file upload.pdb (PDB, C-alpha atoms and all ligand atoms)
ATOM      1  CA  MET A   1       0.000   0.000   0.000  1.00  0.00           C
ATOM      2  CA  ILE A   2       1.919   3.083   1.099  1.00  0.00           C
ATOM      3  CA  PHE A   3       5.355   3.507   2.605  1.00  0.00           C
ATOM      4  CA  ILE A   4       5.787   6.297   5.176  1.00  0.00           C
ATOM      5  CA  THR A   5       9.102   7.227   6.780  1.00  0.00           C
ATOM      6  CA  PHE A   6       9.887   9.411   9.783  1.00  0.00           C
ATOM      7  CA  GLU A   7      13.145  11.324   9.896  1.00  0.00           C
ATOM      8  CA  GLY A   8      14.836  13.753  12.231  1.00  0.00           C
ATOM      9  CA  PRO A   9      17.570  14.231  14.764  1.00  0.00           C
ATOM     10  CA  GLU A  10      17.881  12.445  18.065  1.00  0.00           C
ATOM     11  CA  GLY A  11      15.162  13.425  20.553  1.00  0.00           C
ATOM     12  CA  SER A  12      12.821  15.011  18.008  1.00  0.00           C
ATOM     13  CA  GLY A  13       9.809  13.071  19.295  1.00  0.00           C
ATOM     14  CA  LYS A  14       9.324  10.934  16.215  1.00  0.00           C
ATOM     15  CA  SER A  15       8.807   7.672  18.166  1.00  0.00           C
ATOM     16  CA  THR A  16       5.845   9.173  20.042  1.00  0.00           C
ATOM     17  CA  GLN A  17       4.307  10.381  16.786  1.00  0.00           C
ATOM     18  CA  ILE A  18       4.856   7.024  15.092  1.00  0.00           C
ATOM     19  CA  LYS A  19       2.823   5.366  17.853  1.00  0.00           C
ATOM     20  CA  VAL A  20       0.074   7.984  17.576  1.00  0.00           C
ATOM     21  CA  LEU A  21      -0.111   7.556  13.792  1.00  0.00           C
ATOM     22  CA  GLN A  22      -0.155   3.770  14.058  1.00  0.00           C
ATOM     23  CA  ALA A  23      -3.107   3.923  16.466  1.00  0.00           C
ATOM     24  CA  TYR A  24      -4.932   6.427  14.232  1.00  0.00           C
ATOM     25  CA  LEU A  25      -4.528   4.260  11.128  1.00  0.00           C
ATOM     26  CA  ILE A  26      -5.543   1.052  12.862  1.00  0.00           C
ATOM     27  CA  LYS A  27      -8.644   2.818  14.175  1.00  0.00           C
ATOM     28  CA  SER A  28      -9.416   3.895  10.604  1.00  0.00           C
ATOM     29  CA  GLY A  29      -9.345   0.231   9.537  1.00  0.00           C
ATOM     30  CA  PHE A  30      -5.903  -0.030   7.959  1.00  0.00           C
ATOM     31  CA  SER A  31      -3.421  -2.792   8.471  1.00  0.00           C
ATOM     32  CA  VAL A  32      -0.134  -1.274   9.660  1.00  0.00           C
ATOM     33  CA  VAL A  33       3.438  -2.493   9.995  1.00  0.00           C
ATOM     34  CA  LYS A  34       5.662  -0.371  12.235  1.00  0.00           C
ATOM     35  CA  THR A  35       9.367  -0.828  11.831  1.00  0.00           C
ATOM     36  CA  ARG A  36      12.724   0.945  12.130  1.00  0.00           C
ATOM     37  CA  GLU A  37      16.212   1.373  10.712  1.00  0.00           C
ATOM     38  CA  PRO A  38      18.884   0.324  11.245  1.00  0.00           C
ATOM     39  CA  GLY A  39      17.236  -2.997  12.107  1.00  0.00           C
ATOM     40  CA  GLY A  40      13.618  -4.001  11.633  1.00  0.00           C
ATOM     41  CA  SER A  41      14.184  -7.697  10.922  1.00  0.00           C
ATOM     42  CA  VAL A  42      16.162 -10.424  12.692  1.00  0.00           C
ATOM     43  CA  ILE A  43      19.414 -10.141  10.744  1.00  0.00           C
ATOM     44  CA  ALA A  44      19.117  -6.361  10.357  1.00  0.00           C
ATOM     45  CA  GLU A  45      18.742  -5.966  14.152  1.00  0.00           C
ATOM     46  CA  LYS A  46      22.041  -7.825  14.602  1.00  0.00           C
ATOM     47  CA  ILE A  47      23.686  -5.300  12.289  1.00  0.00           C
ATOM     48  CA  ARG A  48      22.045  -2.478  14.311  1.00  0.00           C
ATOM     49  CA  ARG A  49      23.764  -3.699  17.468  1.00  0.00           C
ATOM     50  CA  ILE A  50      27.187  -3.428  15.833  1.00  0.00           C
ATOM     51  CA  LEU A  51      26.382   0.014  14.403  1.00  0.00           C
ATOM     52  CA  LEU A  52      25.173   1.620  17.615  1.00  0.00           C
ATOM     53  CA  ASP A  53      27.553  -0.041  20.068  1.00  0.00           C
ATOM     54  CA  PRO A  54      29.584   2.738  21.744  1.00  0.00           C
ATOM     55  CA  LYS A  55      32.490   0.257  21.718  1.00  0.00           C
ATOM     56  CA  SER A  56      32.490   0.411  17.889  1.00  0.00           C
ATOM     57  CA  ARG A  57      34.046   3.909  18.067  1.00  0.00           C
ATOM     58  CA  ALA A  58      36.918   2.956  15.751  1.00  0.00           C
ATOM     59  CA  MET A  59      34.520   1.978  12.952  1.00  0.00           C
ATOM     60  CA  ALA A  60      35.669   3.307   9.569  1.00  0.00           C
ATOM     61  CA  PRO A  61      33.129   5.578   7.800  1.00  0.00           C
ATOM     62  CA  GLU A  62      33.108   3.134   4.858  1.00  0.00           C
ATOM     63  CA  THR A  63      32.228   0.238   7.167  1.00  0.00           C
ATOM     64  CA  GLU A  64      29.506   2.322   8.805  1.00  0.00           C
ATOM     65  CA  LEU A  65      27.940   3.183   5.452  1.00  0.00           C
ATOM     66  CA  LEU A  66      28.020  -0.384   4.183  1.00  0.00           C
ATOM     67  CA  LEU A  67      26.505  -1.722   7.403  1.00  0.00           C
ATOM     68  CA  TYR A  68      23.594   0.748   7.239  1.00  0.00           C
ATOM     69  CA  LEU A  69      23.012  -0.363   3.657  1.00  0.00           C
ATOM     70  CA  ALA A  70      23.394  -4.043   4.537  1.00  0.00           C
ATOM     71  CA  SER A  71      20.801  -3.626   7.268  1.00  0.00           C
ATOM     72  CA  ARG A  72      18.491  -1.857   4.797  1.00  0.00           C
ATOM     73  CA  ALA A  73      18.880  -4.495   2.071  1.00  0.00           C
ATOM     74  CA  GLN A  74      17.877  -7.237   4.501  1.00  0.00           C
ATOM     75  CA  HIS A  75      15.046  -5.222   6.048  1.00  0.00           C
ATOM     76  CA  VAL A  76      13.512  -4.291   2.673  1.00  0.00           C
ATOM     77  CA  LYS A  77      13.598  -7.930   1.549  1.00  0.00           C
ATOM     78  CA  ASP A  78      12.400  -9.484   4.813  1.00  0.00           C
ATOM     79  CA  LYS A  79       9.768  -7.004   5.878  1.00  0.00           C
ATOM     80  CA  ILE A  80       9.029  -3.849   3.889  1.00  0.00           C
ATOM     81  CA  ARG A  81       8.390  -5.241   0.399  1.00  0.00           C
ATOM     82  CA  PRO A  82       6.326  -8.224   1.597  1.00  0.00           C
ATOM     83  CA  ALA A  83       4.176  -5.912   3.766  1.00  0.00           C
ATOM     84  CA  LEU A  84       3.564  -3.428   0.939  1.00  0.00           C
ATOM     85  CA  LYS A  85       2.682  -6.291  -1.374  1.00  0.00           C
ATOM     86  CA  ASN A  86       0.119  -7.495   1.175  1.00  0.00           C
ATOM     87  CA  GLY A  87      -1.652  -4.138   1.179  1.00  0.00           C
ATOM     88  CA  LYS A  88      -0.260  -2.883   4.480  1.00  0.00           C
ATOM     89  CA  ILE A  89       0.796   0.632   5.379  1.00  0.00           C
ATOM     90  CA  VAL A  90       4.444   0.535   6.391  1.00  0.00           C
ATOM     91  CA  ILE A  91       5.681   3.148   8.886  1.00  0.00           C
ATOM     92  CA  CYS A  92       9.443   3.160   9.197  1.00  0.00           C
ATOM     93  CA  ASP A  93      11.501   5.103  11.740  1.00  0.00           C
ATOM     94  CA  ARG A  94      14.342   6.339   9.468  1.00  0.00           C
ATOM     95  CA  PHE A  95      15.289   5.218   5.948  1.00  0.00           C
ATOM     96  CA  PHE A  96      17.521   6.476   3.116  1.00  0.00           C
ATOM     97  CA  ASP A  97      17.228  10.172   4.049  1.00  0.00           C
ATOM     98  CA  SER A  98      19.097   9.289   7.265  1.00  0.00           C
ATOM     99  CA  THR A  99      21.932   7.891   5.155  1.00  0.00           C
ATOM    100  CA  LEU A 100      21.960  11.052   3.048  1.00  0.00           C
ATOM    101  CA  ALA A 101      21.972  13.315   6.121  1.00  0.00           C
ATOM    102  CA  TYR A 102      24.386  11.373   8.368  1.00  0.00           C
ATOM    103  CA  GLN A 103      26.737   9.590   5.953  1.00  0.00           C
ATOM    104  CA  GLY A 104      26.332  12.188   3.189  1.00  0.00           C
ATOM    105  CA  TYR A 105      26.068  15.695   4.608  1.00  0.00           C
ATOM    106  CA  ALA A 106      27.782  14.935   7.936  1.00  0.00           C
ATOM    107  CA  ARG A 107      30.404  12.286   7.039  1.00  0.00           C
ATOM    108  CA  GLY A 108      31.035  13.642   3.556  1.00  0.00           C
ATOM    109  CA  PHE A 109      30.185  10.787   1.157  1.00  0.00           C
ATOM    110  CA  SER A 110      28.844  12.027  -2.169  1.00  0.00           C
ATOM    111  CA  GLY A 111      25.099  11.984  -2.772  1.00  0.00           C
ATOM    112  CA  LYS A 112      25.649  10.298  -6.112  1.00  0.00           C
ATOM    113  CA  LEU A 113      27.548   7.409  -4.541  1.00  0.00           C
ATOM    114  CA  LEU A 114      24.983   7.044  -1.766  1.00  0.00           C
ATOM    115  CA  THR A 115      22.041   7.058  -4.162  1.00  0.00           C
ATOM    116  CA  SER A 116      23.624   4.425  -6.334  1.00  0.00           C
ATOM    117  CA  PHE A 117      24.567   2.162  -3.392  1.00  0.00           C
ATOM    118  CA  ASN A 118      21.105   2.652  -1.912  1.00  0.00           C
ATOM    119  CA  ASN A 119      19.383   1.684  -5.148  1.00  0.00           C
ATOM    120  CA  PHE A 120      21.489  -1.451  -5.182  1.00  0.00           C
ATOM    121  CA  ALA A 121      20.449  -2.264  -1.600  1.00  0.00           C
ATOM    122  CA  THR A 122      16.725  -1.531  -1.985  1.00  0.00           C
ATOM    123  CA  GLY A 123      16.024  -2.233  -5.635  1.00  0.00           C
ATOM    124  CA  GLY A 124      14.906   1.385  -5.944  1.00  0.00           C
ATOM    125  CA  LEU A 125      12.249   1.408  -3.200  1.00  0.00           C
ATOM    126  CA  LYS A 126      11.299   4.975  -2.221  1.00  0.00           C
ATOM    127  CA  PRO A 127       8.984   6.247   0.510  1.00  0.00           C
ATOM    128  CA  ASP A 128       5.662   7.719  -0.655  1.00  0.00           C
ATOM    129  CA  LEU A 129       5.757  10.203   2.214  1.00  0.00           C
ATOM    130  CA  THR A 130       8.502  11.334   4.582  1.00  0.00           C
ATOM    131  CA  LEU A 131       7.893  13.400   7.702  1.00  0.00           C
ATOM    132  CA  TYR A 132      10.976  15.269   8.826  1.00  0.00           C
ATOM    133  CA  PHE A 133      10.966  16.491  12.437  1.00  0.00           C
ATOM    134  CA  ASP A 134      13.059  19.621  12.663  1.00  0.00           C
ATOM    135  CA  LEU A 135      14.577  20.679  15.969  1.00  0.00           C
ATOM    136  CA  ASP A 136      17.434  22.676  17.452  1.00  0.00           C
ATOM    137  CA  ILE A 137      20.394  20.289  17.830  1.00  0.00           C
ATOM    138  CA  LYS A 138      21.252  21.041  21.455  1.00  0.00           C
ATOM    139  CA  LEU A 139      17.656  20.606  22.560  1.00  0.00           C
ATOM    140  CA  GLY A 140      17.321  17.330  20.664  1.00  0.00           C
ATOM    141  CA  LEU A 141      20.460  15.789  22.140  1.00  0.00           C
ATOM    142  CA  LYS A 142      19.388  16.826  25.627  1.00  0.00           C
ATOM    143  CA  ARG A 143      15.991  15.207  25.111  1.00  0.00           C
ATOM    144  CA  ALA A 144      17.511  12.011  23.690  1.00  0.00           C
ATOM    145  CA  GLN A 145      19.938  11.598  26.582  1.00  0.00           C
ATOM    146  CA  LYS A 146      17.313  12.316  29.187  1.00  0.00           C
ATOM    147  CA  ARG A 147      15.268   9.486  27.699  1.00  0.00           C
ATOM    148  CA  THR A 148      17.951   6.796  27.505  1.00  0.00           C
ATOM    149  CA  GLY A 149      20.423   7.995  30.148  1.00  0.00           C
ATOM    150  CA  LYS A 150      23.338   7.197  27.843  1.00  0.00           C
ATOM    151  CA  LYS A 151      24.701   8.058  24.426  1.00  0.00           C
ATOM    152  CA  ASP A 152      24.867   5.582  21.525  1.00  0.00           C
ATOM    153  CA  ARG A 153      27.766   5.789  19.075  1.00  0.00           C
ATOM    154  CA  LEU A 154      26.097   8.368  16.815  1.00  0.00           C
ATOM    155  CA  GLU A 155      24.709  10.481  19.647  1.00  0.00           C
ATOM    156  CA  ALA A 156      28.256  10.739  20.983  1.00  0.00           C
ATOM    157  CA  GLU A 157      29.359  12.647  17.859  1.00  0.00           C
ATOM    158  CA  ASN A 158      30.057  16.359  18.443  1.00  0.00           C
ATOM    159  CA  LYS A 159      27.693  19.275  17.954  1.00  0.00           C
ATOM    160  CA  ALA A 160      29.199  20.240  14.588  1.00  0.00           C
ATOM    161  CA  PHE A 161      28.368  16.766  13.264  1.00  0.00           C
ATOM    162  CA  HIS A 162      24.734  17.078  14.331  1.00  0.00           C
ATOM    163  CA  GLU A 163      24.497  20.596  12.892  1.00  0.00           C
ATOM    164  CA  LYS A 164      25.594  19.166   9.535  1.00  0.00           C
ATOM    165  CA  VAL A 165      22.972  16.439   9.847  1.00  0.00           C
ATOM    166  CA  ARG A 166      20.255  19.054  10.415  1.00  0.00           C
ATOM    167  CA  LYS A 167      21.404  21.239   7.523  1.00  0.00           C
ATOM    168  CA  GLY A 168      21.514  18.131   5.345  1.00  0.00           C
ATOM    169  CA  TYR A 169      17.947  17.177   6.200  1.00  0.00           C
ATOM    170  CA  LEU A 170      16.709  20.698   5.463  1.00  0.00           C
ATOM    171  CA  THR A 171      18.483  20.691   2.110  1.00  0.00           C
ATOM    172  CA  ILE A 172      17.029  17.320   1.128  1.00  0.00           C
ATOM    173  CA  ALA A 173      13.553  18.397   2.276  1.00  0.00           C
ATOM    174  CA  ASN A 174      13.732  21.531   0.154  1.00  0.00           C
ATOM    175  CA  MET A 175      14.771  19.476  -2.859  1.00  0.00           C
ATOM    176  CA  GLU A 176      11.783  17.128  -2.588  1.00  0.00           C
ATOM    177  CA  PRO A 177       8.886  19.151  -1.156  1.00  0.00           C
ATOM    178  CA  GLY A 178       6.287  16.783  -2.630  1.00  0.00           C
ATOM    179  CA  ARG A 179       7.530  13.790  -0.667  1.00  0.00           C
ATOM    180  CA  ILE A 180       9.191  15.334   2.386  1.00  0.00           C
ATOM    181  CA  LYS A 181       7.165  17.461   4.809  1.00  0.00           C
ATOM    182  CA  ILE A 182       8.970  19.521   7.437  1.00  0.00           C
ATOM    183  CA  ILE A 183       7.413  19.435  10.895  1.00  0.00           C
ATOM    184  CA  ASN A 184       8.357  21.771  13.731  1.00  0.00           C
ATOM    185  CA  ALA A 185       9.227  19.298  16.490  1.00  0.00           C
ATOM    186  CA  LEU A 186       8.665  21.946  19.161  1.00  0.00           C
ATOM    187  CA  SER A 187       4.909  22.158  18.543  1.00  0.00           C
ATOM    188  CA  SER A 188       2.612  20.305  20.946  1.00  0.00           C
ATOM    189  CA  ILE A 189       2.096  16.554  20.582  1.00  0.00           C
ATOM    190  CA  GLU A 190      -1.534  17.133  19.544  1.00  0.00           C
ATOM    191  CA  GLU A 191      -0.658  19.772  16.976  1.00  0.00           C
ATOM    192  CA  ILE A 192       2.030  17.568  15.410  1.00  0.00           C
ATOM    193  CA  ALA A 193      -0.259  14.527  15.414  1.00  0.00           C
ATOM    194  CA  GLY A 194      -2.889  16.588  13.560  1.00  0.00           C
ATOM    195  CA  LYS A 195      -0.396  17.621  10.878  1.00  0.00           C
ATOM    196  CA  VAL A 196       0.946  14.085  10.490  1.00  0.00           C
ATOM    197  CA  ALA A 197      -2.590  12.709  10.090  1.00  0.00           C
ATOM    198  CA  MET A 198      -3.401  15.396   7.506  1.00  0.00           C
ATOM    199  CA  TYR A 199      -0.363  14.567   5.350  1.00  0.00           C
ATOM    200  CA  VAL A 200      -1.006  10.825   5.609  1.00  0.00           C
ATOM    201  CA  ASP A 201      -4.712  11.189   4.760  1.00  0.00           C
ATOM    202  CA  ARG A 202      -3.781  13.209   1.710  1.00  0.00           C
ATOM    203  CA  LYS A 203      -1.347  10.537   0.515  1.00  0.00           C
ATOM    204  CA  LEU A 204      -3.873   7.786   1.109  1.00  0.00           C
ATOM    205  CA  LYS A 205      -6.493   9.619  -0.942  1.00  0.00           C
ATOM    206  CA  ASN A 206      -3.967  10.067  -3.715  1.00  0.00           C
ATOM    207  CA  ALA A 207      -2.938   6.417  -3.606  1.00  0.00           C
ATOM    208  CA  GLU A 208      -6.599   5.372  -3.783  1.00  0.00           C
ATOM    209  CA  LYS A 209      -7.117   7.580  -6.831  1.00  0.00           C
ATOM    210  CA  HIS A 210      -4.174   6.108  -8.675  1.00  0.00           C
ATOM    211  CA  ASN A 211      -4.433   2.640  -7.154  1.00  0.00           C
ATOM    212  CA  ARG A 212      -1.082   1.840  -8.609  1.00  0.00           C
ATOM    213  CA  PRO A 213       0.320  -1.648  -8.320  1.00  0.00           C
ATOM    214  CA  ARG A 214       3.863  -1.960  -6.941  1.00  0.00           C
TER
HETATM  215  P1  LIG A 301      17.873   5.645  16.476  1.00  0.00           P
HETATM  216  O1  LIG A 301      17.209   4.359  16.123  1.00  0.00           O
HETATM  217  O2  LIG A 301      18.008   5.873  17.928  1.00  0.00           O
HETATM  218  O3  LIG A 301      17.332   6.795  15.736  1.00  0.00           O
HETATM  219  O4  LIG A 301      19.421   5.483  16.080  1.00  0.00           O
HETATM  220  C1  LIG A 301      19.858   5.281  14.809  1.00  0.00           C
HETATM  221  C2  LIG A 301      21.113   6.089  14.579  1.00  0.00           C
HETATM  222  O5  LIG A 301      21.680   5.708  13.335  1.00  0.00           O
HETATM  223  C3  LIG A 301      20.854   7.577  14.504  1.00  0.00           C
HETATM  224  O6  LIG A 301      21.897   8.269  15.161  1.00  0.00           O
HETATM  225  C4  LIG A 301      20.935   7.889  13.028  1.00  0.00           C
HETATM  226  C5  LIG A 301      21.871   6.844  12.503  1.00  0.00           C
HETATM  227  N1  LIG A 301      21.646   6.451  11.098  1.00  0.00           N
HETATM  228  C6  LIG A 301      22.623   6.746  10.158  1.00  0.00           C
HETATM  229  O7  LIG A 301      23.640   7.350  10.474  1.00  0.00           O
HETATM  230  N2  LIG A 301      22.418   6.338   8.869  1.00  0.00           N
HETATM  231  C7  LIG A 301      21.317   5.627   8.469  1.00  0.00           C
HETATM  232  O8  LIG A 301      21.184   5.271   7.291  1.00  0.00           O
HETATM  233  C8  LIG A 301      20.311   5.318   9.472  1.00  0.00           C
HETATM  234  C9  LIG A 301      19.095   4.541   9.089  1.00  0.00           C
HETATM  235  C10 LIG A 301      20.523   5.757  10.769  1.00  0.00           C
END
call {"tool": "encode", "arguments": {"input": "upload.pdb", "output": "structure tokens", "more": "lines below"}}
Ligand code: TMP
result
Amino acid sequence: MIFITFEGPEGSGKSTQIKVLQAYLIKSGFSVVKTREPGGSVIAEKIRRILLDPKSRAMAPETELLLYLASRAQHVKDKIRPALKNGKIVICDRFFDSTLAYQGYARGFSGKLLTSFNNFATGGLKPDLTLYFDLDIKLGLKRAQKRTGKKDRLEAENKAFHEKVRKGYLTIANMEPGRIKIINALSSIEEIAGKVAMYVDRKLKNAEKHNRPR
């Protein structure tokens, strides 16, 4: 059916909104699969552990990139494509835009290389709708650490790194305004949930109109 992704920095409140959206869609009669990246399927979750382990500090940027893509390749095959084929709405916490923002804009890999590697990993699967939660970096990191009490490997990167991630997201969002919607993560939970539901309803109506097979 349709593929929705949530993007944004650490602590932007996307997990809360994913849960709210899932409940809203189920109540409206849809069948929903909620998942996340890195991870989302058995093998992909094993790769996630390596990626986020604070002990993996010495990981080369090339290894990091390939592991994110390896996780994605497995996840798309095991879970996302089968669910879409079965008429489900897939909600995924992070997808390729994270790779573009973190490994592209922040780590410095070229967008062309990333797009080509990503197409190889996913067979060209693209989200129908992406909700990007925008938030001041310092605030986001504070919120993320308050929640978990510790930093994972990516959260431990410095402020300049996270600033680049944010700028990257904003650039990507401005390049694809049809697919990516920017949401102010500082608005109230109810206000954000209302916006998210509006964007999703619009996409669903559109998908119904076109009823395109995948
Ligand atoms: P999270 O599940 O807590 O959001 O952690 C995932 C981390 O991995 C987060 O810091 C963003 C990062 N990430 C990348 O750097 N590249 C990617 O392609 C993905 C999916 C996530």
call {"tool": "closest_residue", "arguments": {"input": "upload.pdb", "among": "A:Ala60, A:Phe120, A:Thr148, A:Ile192", "to": "ligand LIG 301 (chain A)", "atoms": "all atoms listed in the file"}}
result
A:Thr148
call {"tool": "resolve_selection", "arguments": {"input": "upload.pdb", "expression": "the PyMOL selection byres (((not hetatm)) within 7 of (chain A and resi 301))", "output": "PyMOL selection string"}}
result
chain A and resi 10+36-38+52+68-69+94-96+98-99+102-103+154-155
call {"tool": "atom_distance", "arguments": {"input": "upload.pdb", "atom1": "CA of Asp128 in chain A", "atom2": "CA of Gly178 in chain A"}}
result
9.3 Å
call {"tool": "residues_around", "arguments": {"input": "upload.pdb", "residues": "Asp78 in chain A", "least_positions_apart": "4", "cutoff": "8 Å", "atoms": "only C-alpha atoms", "output": "list in words"}}
result
Ser41, Gln74 and Pro82 of chain A
call {"tool": "write_last_selection", "arguments": {"input": "upload.pdb", "atoms": "C-alpha atoms", "output": "mmCIF file, keeping the file's coordinate frame"}}
result
data_model
loop_
_atom_site.group_PDB
_atom_site.id
_atom_site.type_symbol
_atom_site.label_atom_id
_atom_site.label_comp_id
_atom_site.auth_asym_id
_atom_site.auth_seq_id
_atom_site.Cartn_x
_atom_site.Cartn_y
_atom_site.Cartn_z
ATOM 1 C CA SER A 41 14.184 -7.697 10.922
ATOM 2 C CA GLN A 74 17.877 -7.237 4.501
ATOM 3 C CA PRO A 82 6.326 -8.224 1.597
#
call {"tool": "resolve_selection", "arguments": {"input": "upload.pdb", "expression": "the PyMOL selection byres (((chain A and resi 4) around 9) and not hetatm)", "output": "JSON, numbers by chain"}}
result
{"A": [2, 3, 5, 6, 89, 90, 91, 92, 93, 127, 128, 129, 130, 131, 200]}
call {"tool": "atom_distance", "arguments": {"input": "upload.pdb", "atom1": "CA of Ala58 in chain A", "atom2": "CA of Val76 in chain A"}}
result
27.8 Å
call {"tool": "residues_around", "arguments": {"input": "upload.pdb", "residues": "Ile172 in chain A", "least_positions_apart": "5", "cutoff": "12 Å", "atoms": "only C-alpha atoms", "output": "list of chain:residue names"}}
result
A:Glu7, A:Gly8, A:Phe96, A:Asp97, A:Ser98, A:Thr99, A:Leu100, A:Ala101, A:Tyr102, A:Gly104, A:Tyr105, A:Gly111, A:Thr130, A:Leu131, A:Tyr132, A:Val165, A:Arg166, A:Lys167, A:Pro177, A:Gly178, A:Arg179, A:Ile180, A:Lys181, A:Ile182
call {"tool": "residues_around", "arguments": {"input": "upload.pdb", "residues": "range 117-119 of chain A", "least_positions_apart": "3", "cutoff": "9 Å", "atoms": "all atoms listed in the file", "output": "list in words"}}
result
Leu66, Leu69, Arg72, Ala73, Phe96, Thr99, Lys112, Leu113, Leu114, Thr122, Gly123, Gly124 and Leu125 of chain A
call {"tool": "atom_distance", "arguments": {"input": "upload.pdb", "atom1": "CA of Ile80 in chain A", "atom2": "CA of Ala23 in chain A"}}
result
19.1 Å
call {"tool": "closest_residue", "arguments": {"input": "upload.pdb", "among": "A:Lys46, A:Thr63, A:Leu21, A:Asn158", "to": "Lys34 in chain A", "atoms": "all atoms listed in the file"}}
result
A:Leu21
call {"tool": "closest_residue", "arguments": {"input": "upload.pdb", "among": "A:Ala144, A:Val196, A:Leu186, A:Ala106", "to": "Ala160 in chain A", "atoms": "only C-alpha atoms"}}
result
A:Ala106
call {"tool": "resolve_selection", "arguments": {"input": "upload.pdb", "expression": "the PyMOL selection byres (((chain A and resi 197) around 12) and not hetatm)", "output": "PDB file with C-alpha atoms, keeping the file's coordinate frame"}}
result
ATOM      1  CA  ILE A   4       5.787   6.297   5.176  1.00  0.00           C
ATOM      2  CA  GLN A  17       4.307  10.381  16.786  1.00  0.00           C
ATOM      3  CA  ILE A  18       4.856   7.024  15.092  1.00  0.00           C
ATOM      4  CA  LYS A  19       2.823   5.366  17.853  1.00  0.00           C
ATOM      5  CA  VAL A  20       0.074   7.984  17.576  1.00  0.00           C
ATOM      6  CA  LEU A  21      -0.111   7.556  13.792  1.00  0.00           C
ATOM      7  CA  GLN A  22      -0.155   3.770  14.058  1.00  0.00           C
ATOM      8  CA  ALA A  23      -3.107   3.923  16.466  1.00  0.00           C
ATOM      9  CA  TYR A  24      -4.932   6.427  14.232  1.00  0.00           C
ATOM     10  CA  LEU A  25      -4.528   4.260  11.128  1.00  0.00           C
ATOM     11  CA  SER A  28      -9.416   3.895  10.604  1.00  0.00           C
ATOM     12  CA  LEU A 129       5.757  10.203   2.214  1.00  0.00           C
ATOM     13  CA  LEU A 131       7.893  13.400   7.702  1.00  0.00           C
ATOM     14  CA  GLU A 190      -1.534  17.133  19.544  1.00  0.00           C
ATOM     15  CA  GLU A 191      -0.658  19.772  16.976  1.00  0.00           C
ATOM     16  CA  ILE A 192       2.030  17.568  15.410  1.00  0.00           C
ATOM     17  CA  ALA A 193      -0.259  14.527  15.414  1.00  0.00           C
ATOM     18  CA  GLY A 194      -2.889  16.588  13.560  1.00  0.00           C
ATOM     19  CA  LYS A 195      -0.396  17.621  10.878  1.00  0.00           C
ATOM     20  CA  VAL A 196       0.946  14.085  10.490  1.00  0.00           C
ATOM     21  CA  MET A 198      -3.401  15.396   7.506  1.00  0.00           C
ATOM     22  CA  TYR A 199      -0.363  14.567   5.350  1.00  0.00           C
ATOM     23  CA  VAL A 200      -1.006  10.825   5.609  1.00  0.00           C
ATOM     24  CA  ASP A 201      -4.712  11.189   4.760  1.00  0.00           C
ATOM     25  CA  ARG A 202      -3.781  13.209   1.710  1.00  0.00           C
ATOM     26  CA  LYS A 203      -1.347  10.537   0.515  1.00  0.00           C
ATOM     27  CA  LEU A 204      -3.873   7.786   1.109  1.00  0.00           C
TER      28      LEU A 204
END
call {"tool": "closest_residue", "arguments": {"input": "upload.pdb", "among": "A:Thr171, A:Ser12, A:Lys79, A:Ser56", "to": "Thr35 in chain A", "atoms": "only C-alpha atoms"}}
result
A:Lys79
call {"tool": "closest_residue", "arguments": {"input": "upload.pdb", "among": "A:Leu67, A:Leu141, A:Val42, A:Ala173", "to": "Phe161 in chain A", "atoms": "all atoms listed in the file"}}
result
A:Leu141
